[in-house]
>>> print(open('entry.txt').read())   # compact mmCIF, C-alpha atoms
# COMPACT_ATOMS: atom_id res chain seq x y z
CA MET A 263 -53.24 74.17 10.36
CA ILE A 264 -52.03 77.69 9.57
CA ASP A 265 -55.43 79.10 10.54
CA CYS A 266 -55.30 77.22 13.83
CA ILE A 267 -51.81 78.52 14.65
CA SER A 268 -52.80 82.06 13.63
CA HIS A 269 -55.89 81.87 15.84
CA ILE A 270 -53.83 80.71 18.82
CA LEU A 271 -51.18 83.40 18.33
CA THR A 272 -53.69 86.21 17.86
CA SER A 273 -55.57 85.17 20.99
CA LEU A 274 -52.40 85.59 23.09
CA PRO A 275 -51.02 88.86 24.44
CA ILE A 276 -48.63 90.39 21.90
CA ASP A 277 -45.54 89.81 24.07
CA SER A 278 -46.33 86.11 24.44
CA ALA A 279 -46.98 85.72 20.71
CA LEU A 280 -43.70 87.48 19.90
CA TRP A 281 -41.79 85.10 22.17
CA ILE A 282 -43.39 82.06 20.54
CA ILE A 283 -42.62 83.36 17.05
CA VAL A 284 -39.00 84.21 17.90
CA VAL A 285 -38.38 80.86 19.61
CA ALA A 286 -39.96 79.03 16.65
CA PHE A 287 -37.64 80.74 14.16
CA ILE A 288 -34.60 80.17 16.38
CA GLY A 289 -35.59 76.50 16.67
CA LEU A 290 -35.97 76.13 12.90
CA ASP A 291 -32.56 77.72 12.38
CA VAL A 292 -30.94 75.33 14.86
CA ILE A 293 -32.64 72.31 13.24
CA PHE A 294 -31.68 73.28 9.69
CA GLY A 295 -28.18 74.28 10.79
CA PHE A 296 -27.64 70.92 12.45
CA ALA A 297 -29.04 69.10 9.41
CA ASN A 298 -26.64 71.01 7.17
CA ALA A 299 -23.67 70.22 9.43
CA TRP A 300 -24.68 66.57 9.52
CA LEU A 301 -25.01 66.44 5.74
CA THR A 302 -21.56 67.95 5.21
CA GLY A 303 -19.97 65.93 8.02
CA THR A 304 -18.96 69.04 9.92
CA VAL A 305 -20.87 68.51 13.18
CA SER A 306 -18.71 70.06 15.87
CA SER A 307 -19.52 70.54 19.52
CA SER A 308 -17.50 73.77 19.69
CA VAL A 309 -19.34 75.24 16.69
CA MET A 310 -22.68 74.11 18.14
CA ARG A 311 -21.76 75.63 21.52
CA GLU A 312 -20.90 78.92 19.80
CA GLY A 313 -24.19 78.85 17.88
CA ILE A 314 -26.19 78.14 21.04
CA MET A 315 -24.45 81.06 22.78
CA HIS A 316 -25.43 83.26 19.82
CA LYS A 317 -29.06 82.15 20.24
CA ILE A 318 -28.88 82.85 23.98
CA GLY A 319 -27.69 86.35 23.06
CA LEU A 320 -30.81 86.78 20.92
CA VAL A 321 -32.99 85.66 23.82
CA GLY A 322 -31.09 88.10 26.06
CA ALA A 323 -31.84 90.93 23.62
CA MET A 324 -35.54 90.01 23.72
CA LEU A 325 -35.48 89.97 27.53
CA LEU A 326 -33.79 93.36 27.64
CA CYS A 327 -36.37 94.78 25.25
CA ASN A 328 -39.19 93.35 27.37
CA VAL A 329 -37.73 95.05 30.46
CA ILE A 330 -37.44 98.34 28.53
CA ASP A 331 -41.07 98.08 27.37
CA ILE A 332 -42.26 97.29 30.91
CA SER A 333 -40.18 100.20 32.27
CA GLN A 334 -41.72 102.56 29.71
CA ASN A 335 -45.19 101.55 30.94
CA VAL A 336 -44.28 102.09 34.59
CA ALA A 337 -42.04 105.16 34.48
CA ASP A 338 -42.39 108.25 32.32
CA PHE A 339 -39.18 108.57 30.30
CA GLY A 340 -40.75 111.14 28.01
CA PHE A 341 -40.99 108.70 25.11
CA THR A 342 -42.51 105.34 24.33
CA ILE A 343 -40.91 103.07 21.74
CA PRO A 344 -42.12 99.46 21.36
CA VAL A 345 -38.61 97.98 21.31
CA THR A 346 -39.69 94.36 21.82
CA ILE A 347 -41.51 94.36 18.49
CA LEU A 348 -38.50 95.95 16.79
CA CYS A 349 -36.14 93.41 18.33
CA ALA A 350 -38.38 90.47 17.43
CA THR A 351 -38.62 91.74 13.84
CA MET A 352 -34.83 91.98 13.58
CA ILE A 353 -34.36 88.49 15.03
CA VAL A 354 -37.00 86.92 12.78
CA LEU A 355 -35.56 88.54 9.64
CA CYS A 356 -32.04 87.36 10.53
CA GLU A 357 -33.30 83.86 11.28
CA ILE A 358 -35.27 83.71 8.01
CA THR A 359 -32.11 84.61 6.10
CA SER A 360 -30.10 81.99 7.98
CA ILE A 361 -32.78 79.31 7.47
CA CYS A 362 -32.90 80.05 3.75
CA GLU A 363 -29.10 79.78 3.54
CA HIS A 364 -29.27 76.38 5.28
CA ILE A 365 -32.00 75.22 2.91
CA GLN A 366 -29.88 76.35 -0.05
CA GLN A 367 -26.93 74.35 1.28
CA LEU A 368 -29.08 71.29 1.96
CA ASN A 369 -30.57 71.36 -1.53
CA PRO A 370 -28.63 73.42 -4.10
CA ASP A 371 -31.48 72.94 -6.59
CA ILE A 372 -33.51 75.43 -4.56
CA ASN A 373 -32.37 78.81 -5.87
CA LEU A 374 -32.07 81.20 -2.95
CA HIS A 375 -28.82 82.89 -4.05
CA PHE A 376 -30.47 86.31 -3.91
CA LEU A 377 -30.28 86.02 -0.11
CA ASP A 378 -26.52 85.49 -0.08
CA SER A 379 -24.96 88.90 0.47
CA THR A 380 -21.42 87.44 0.22
CA LYS A 381 -21.74 86.56 -3.47
CA ASN A 382 -20.61 89.10 -6.03
CA ASN A 383 -23.57 89.82 -8.27
CA SER A 384 -21.54 91.77 -10.85
CA ASN A 385 -21.83 88.86 -13.30
CA ASN A 386 -25.59 89.33 -13.27
CA ASP A 387 -25.14 93.01 -14.12
CA ASP A 388 -23.05 92.10 -17.18
CA ASN A 389 -25.78 89.78 -18.42
CA MET A 390 -28.39 92.51 -18.20
CA GLU A 391 -26.74 94.76 -20.83
>>> encode(input="entry.txt", output="structure tokens")
Amino acid sequence: MIDCISHILTSLPIDSALWIIVVAFIGLDVIFGFANAWLTGTVSSSVMREGIMHKIGLVGAMLLCNVIDISQNVADFGFTIPVTILCATMIVLCEITSICEHIQQLNPDINLHFLDSTKNNSNNDDNME
């Protein structure tokens, strides 16, 4: 299945493949976030609305980057930076972190604490001496 998906994505233009990848990661984050809220009994329409607006902001950033890339191809600004790829990379990395946090909350037996930047890891430093 992974080979099939890879073949499909590599046969598409890079911009289309980036959009599919970004939307897939956003979708996984929404699914795991909702599952976590359901598990903890904290499903809230206002929190969901805020989360959806955050995701729309990510899509807006991708759209802006696409317009910048198109503009760079049409007009000569004196530089060419592939900002859509940079934006997609940033979004995917943020979504991976968020998905892993949701997975950790859904199943605490899965040890993904290294992804949690809010935890103080000074206890681990004491154990290393």
>>> closest_residue(input="entry.txt", among="A:Ile264, A:Met315, A:Ile283, A:Ile270", to="Ile358 in chain A", atoms="only C-alpha atoms")
A:Ile283
>>> closest_residue(input="entry.txt", among="A:Leu374, A:Ala350, A:Cys362, A:Ile332", to="Ala286 in chain A", atoms="all atoms listed in the file")
A:Ala350
>>> atom_distance(input="entry.txt", atom1="CA of Asn369 in chain A", atom2="CA of Met352 in chain A")
25.9 Å
>>> axis_aligned_box(input="entry.txt", around="range 296-313 of chain A", padding_each_side="5 Å", output="AutoDock Vina command-line options")
--center_x -23.3 --center_y 72.4 --center_z 13.4 --size_x 21.5 --size_y 23.0 --size_z 26.3
>>> residues_around(input="entry.txt", residues="Ile293 in chain A", least_positions_apart="5", cutoff="12 Å", atoms="all atoms listed in the file", output="list of chain:residue names")
A:Ala286, A:Phe287, A:Ile288, A:Asn298, A:Ala299, A:Trp300, A:Met310, A:Gly313, A:Ile314, A:Glu357, A:Ser360, A:Ile361, A:His364, A:Ile365, A:Leu368
>>> build_atoms(input="entry.txt", residues="range 296-307 of chain A", atoms="all heavy atoms", output="short mmCIF file (atom, residue, chain, number, x, y, z; two decimals), keeping the file's coordinate frame")
data_model
loop_
_atom_site.label_atom_id
_atom_site.label_comp_id
_atom_site.auth_asym_id
_atom_site.auth_seq_id
_atom_site.Cartn_x
_atom_site.Cartn_y
_atom_site.Cartn_z
N PHE A 296 -28.16 72.24 12.08
CA PHE A 296 -27.64 70.92 12.45
C PHE A 296 -27.75 69.95 11.28
O PHE A 296 -26.83 69.17 11.02
CB PHE A 296 -28.38 70.37 13.67
CG PHE A 296 -27.85 69.03 14.11
CD1 PHE A 296 -26.67 68.93 14.81
CD2 PHE A 296 -28.53 67.86 13.79
CE1 PHE A 296 -26.16 67.70 15.20
CE2 PHE A 296 -28.05 66.62 14.17
CZ PHE A 296 -26.85 66.54 14.88
N ALA A 297 -28.87 69.99 10.57
CA ALA A 297 -29.04 69.10 9.41
C ALA A 297 -27.98 69.38 8.36
O ALA A 297 -27.41 68.46 7.77
CB ALA A 297 -30.45 69.29 8.81
N ASN A 298 -27.68 70.65 8.14
CA ASN A 298 -26.64 71.01 7.17
C ASN A 298 -25.27 70.51 7.63
O ASN A 298 -24.50 69.98 6.83
CB ASN A 298 -26.63 72.52 6.95
CG ASN A 298 -25.66 72.93 5.89
OD1 ASN A 298 -25.61 72.34 4.82
ND2 ASN A 298 -24.86 73.93 6.20
N ALA A 299 -24.95 70.69 8.91
CA ALA A 299 -23.67 70.22 9.43
C ALA A 299 -23.57 68.70 9.34
O ALA A 299 -22.52 68.15 9.02
CB ALA A 299 -23.49 70.69 10.88
N TRP A 300 -24.66 68.03 9.61
CA TRP A 300 -24.68 66.57 9.52
C TRP A 300 -24.46 66.12 8.08
O TRP A 300 -23.70 65.20 7.80
CB TRP A 300 -25.99 66.04 10.09
CG TRP A 300 -26.05 64.56 10.27
CD1 TRP A 300 -25.00 63.71 10.47
CD2 TRP A 300 -27.21 63.75 10.27
NE1 TRP A 300 -25.45 62.42 10.62
CE2 TRP A 300 -26.82 62.42 10.49
CE3 TRP A 300 -28.56 64.02 10.13
CZ2 TRP A 300 -27.71 61.37 10.55
CZ3 TRP A 300 -29.45 62.97 10.20
CH2 TRP A 300 -29.03 61.66 10.41
N LEU A 301 -25.14 66.79 7.15
CA LEU A 301 -25.01 66.44 5.74
C LEU A 301 -23.57 66.60 5.25
O LEU A 301 -23.06 65.75 4.52
CB LEU A 301 -25.94 67.32 4.88
CG LEU A 301 -25.84 67.13 3.37
CD1 LEU A 301 -26.43 65.78 2.97
CD2 LEU A 301 -26.55 68.25 2.66
N THR A 302 -22.92 67.68 5.67
CA THR A 302 -21.56 67.95 5.21
C THR A 302 -20.50 67.29 6.09
O THR A 302 -19.31 67.39 5.79
CB THR A 302 -21.30 69.47 5.17
OG1 THR A 302 -21.49 70.02 6.48
CG2 THR A 302 -22.21 70.15 4.17
N GLY A 303 -20.92 66.61 7.14
CA GLY A 303 -19.97 65.93 8.02
C GLY A 303 -19.14 66.88 8.87
O GLY A 303 -18.02 66.56 9.25
N THR A 304 -19.70 68.04 9.15
CA THR A 304 -18.96 69.04 9.92
C THR A 304 -19.58 69.31 11.29
O THR A 304 -19.41 70.41 11.83
CB THR A 304 -18.88 70.37 9.13
OG1 THR A 304 -20.20 70.81 8.82
CG2 THR A 304 -18.08 70.20 7.85
N VAL A 305 -20.28 68.33 11.84
CA VAL A 305 -20.87 68.51 13.18
C VAL A 305 -19.73 68.67 14.18
O VAL A 305 -18.82 67.84 14.23
CB VAL A 305 -21.77 67.31 13.57
CG1 VAL A 305 -22.26 67.45 14.99
CG2 VAL A 305 -22.94 67.20 12.61
N SER A 306 -19.77 69.75 14.92
CA SER A 306 -18.71 70.06 15.87
C SER A 306 -19.33 70.62 17.14
O SER A 306 -20.13 71.56 17.06
CB SER A 306 -17.74 71.07 15.26
OG SER A 306 -16.90 71.63 16.23
N SER A 307 -18.93 70.06 18.27
CA SER A 307 -19.52 70.54 19.52
C SER A 307 -19.12 71.98 19.81
O SER A 307 -19.91 72.75 20.35
CB SER A 307 -19.12 69.62 20.68
OG SER A 307 -17.71 69.61 20.83
#
